[in-house]
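K.L.:
Here it is, the structure in full.
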Amino acid sequence: MDDCIFCKIVKGEIPSNKAYEDDKVLAFYDLEPQAPVHILIIPKEHIKSAAEITEENSAIVAHIFEVAAKLAKEKQLDGGFRIVNNAGDDAGQSVKHLHFHLLGGRTFGWPAG
Ligand code: 5GP
Ligand code: ZN
């Protein structure tokens with residue numbers, strides 16, 4: 001996807017502050033952090049949103065959650081953390097490349113905040 005900013009981050013065309021990388025996923029710090037720890041975890045493959053998850057590509061979601069647990073441990077989020085996925089316009093998804101927010105280091109309200 002030529003005009004996708006997260007694909008550009010994967011390719012290194014836009015710089016990012018990386019927290020984790022392997023052959024399938026990239027994790028990097030959010031530009032506008034909403035918590036003391038705010039990391040975005042994305043598949044390197046362009047998938048538009050959680051609405052595009054199928055039997056064929058769902059393994060990446062499990063892998064992303066493994067990475068989230070590893071990062072939460074590494075960042076010492078022992079009291080808890082939140083994983084957020086916004087899918088589609090009604091949910092406020094602003095970047096149309098699947099991503100999971102890993103948020104921690106403070107307490108959170110529910111369902112928002
Ligand atoms: P969404 O609102 O789509 O769930 O989340 C998109 C997130 O990407 C936002 O929290 C926003 O701050 C972050 N973001 C957008 N552009 C960039 C960027 O170029 N670099 C980084 N590190 N984060 C970005
Ligand atoms: Zn993309």
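Residues in the structure tokens are named by chain (A, B, ... in the order shown) and by number from 1 within that chain; ligands are numbered from 1 in the order shown.
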Distance limit 8 Å, reference ligand 2, atoms considered: only C-alpha atoms and all ligand atoms. Which residues make the cut? Give them as a list in words.
P.N.:
Met1, Asp2, Asp3, Cys4, Ile5, Phe6, Cys7, Lys8, Lys44, Glu45, His46, Ile47, Lys48, Lys96, His97 and Leu98 of chain A
K.L.:
Might you pull out every residue within 9 Å of stretch 12-21 of chain A, with only C-alpha atoms counted and same-chain residues fewer than 5 positions away left off, and present them as a JSON list (two decimals) with C-alpha atoms, in the first residue's frame?
P.N.:
[["chain", "number", "residue", "atom", "x", "y", "z"],
["A", 5, "ILE", "CA", 1.91, 5.55, 6.69],
["A", 6, "PHE", "CA", 2.34, 2.33, 8.68],
["A", 7, "CYS", "CA", 3.59, 0.49, 5.55],
["A", 26, "LEU", "CA", 6.74, -4.28, 14.20],
["A", 27, "ALA", "CA", 6.10, -2.49, 17.49],
["A", 28, "PHE", "CA", 6.85, 1.21, 17.87],
["A", 29, "TYR", "CA", 6.02, 4.04, 20.23],
["A", 30, "ASP", "CA", 2.91, 6.11, 19.43],
["A", 31, "LEU", "CA", 3.62, 9.72, 18.37],
["A", 39, "ILE", "CA", 3.17, 1.15, 21.89],
["A", 40, "LEU", "CA", 1.56, 0.28, 18.56],
["A", 41, "ILE", "CA", 1.93, -3.32, 17.40],
["A", 67, "VAL", "CA", 4.46, -9.72, 21.46],
["A", 71, "LEU", "CA", 6.48, -6.08, 25.89]]
K.L.:
For the structure I just gave you, how does DSSP split stretch 38-101 of chain A - specifically, which residues are strand (DSSP E or B)? Reply as a list of chain:residue names.
P.N.:
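Restricting stretch 38-101 of chain A to strand (DSSP E or B) produces A:His38, A:Ile39, A:Leu40, A:Ile41, A:Ile42, A:Pro43, A:Phe81, A:Arg82, A:Ile83, A:Val84, A:Phe100, A:His101.
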K.L.:
Next, dump the selected residues to file, keeping only N, CA and C atoms, as a CSV table (one decimal), in the first residue's frame.
P.N.:
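Output (part_14.csv):
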chain,number,residue,atom,x,y,z
A,38,HIS,N,2.9,3.6,25.6
A,38,HIS,CA,1.9,3.5,24.5
A,38,HIS,C,2.6,3.1,23.3
A,39,ILE,N,2.5,1.8,23.0
A,39,ILE,CA,3.2,1.1,21.9
A,39,ILE,C,2.1,0.6,20.9
A,40,LEU,N,2.4,0.8,19.6
A,40,LEU,CA,1.6,0.3,18.6
A,40,LEU,C,2.2,-1.0,18.0
A,41,ILE,N,1.4,-2.1,17.9
A,41,ILE,CA,1.9,-3.3,17.4
A,41,ILE,C,1.2,-3.6,16.1
A,42,ILE,N,1.9,-3.8,15.0
A,42,ILE,CA,1.3,-3.9,13.7
A,42,ILE,C,1.9,-5.1,13.0
A,43,PRO,N,1.1,-5.7,12.1
A,43,PRO,CA,1.6,-6.7,11.2
A,43,PRO,C,2.4,-6.0,10.1
A,81,PHE,N,-2.5,-3.8,32.0
A,81,PHE,CA,-2.3,-3.0,30.8
A,81,PHE,C,-3.6,-3.1,30.0
A,82,ARG,N,-3.7,-2.3,29.0
A,82,ARG,CA,-4.9,-2.4,28.1
A,82,ARG,C,-4.4,-2.5,26.6
A,83,ILE,N,-5.1,-3.4,25.9
A,83,ILE,CA,-4.8,-3.6,24.5
A,83,ILE,C,-6.1,-3.1,23.8
A,84,VAL,N,-5.9,-2.1,22.8
A,84,VAL,CA,-7.0,-1.5,22.2
A,84,VAL,C,-6.9,-1.7,20.6
A,100,PHE,N,-2.6,-2.6,17.0
A,100,PHE,CA,-3.1,-2.8,18.4
A,100,PHE,C,-2.3,-1.8,19.3
A,101,HIS,N,-3.1,-1.0,20.1
A,101,HIS,CA,-2.4,-0.1,21.0
A,101,HIS,C,-2.1,-0.9,22.3
K.L.:
Can you work out which one of A:Val10, A:Gln34, A:Asp22, A:Val61 has the shortest atom-to-atom distance to A:Gly113, counting only C-alpha atoms?
P.N.:
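Ranked by minimum distance to A:Gly113, first place goes to A:Gln34.
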K.L.:
Nearest residue to A:Asp89 out of A:Ser49, A:Ser58, A:Gln76, A:Thr107, using only C-alpha atoms?
P.N.:
A:Ser49
K.L.:
Separation of atom 8 (O, counted along the ligand's line) of ligand 1 and atom CA of A:Ile60, in Å?
P.N.:
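It comes out at 19.1 Å.
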K.L.:
Between atom CA of A:Gly79 and atom 7 (C, counted along the ligand's line) of ligand 1, what distance in Å does the model show, to one decimal?
P.N.:
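Separation of atom CA of A:Gly79 and atom 7 (C, counted along the ligand's line) of ligand 1: 23.7 Å.
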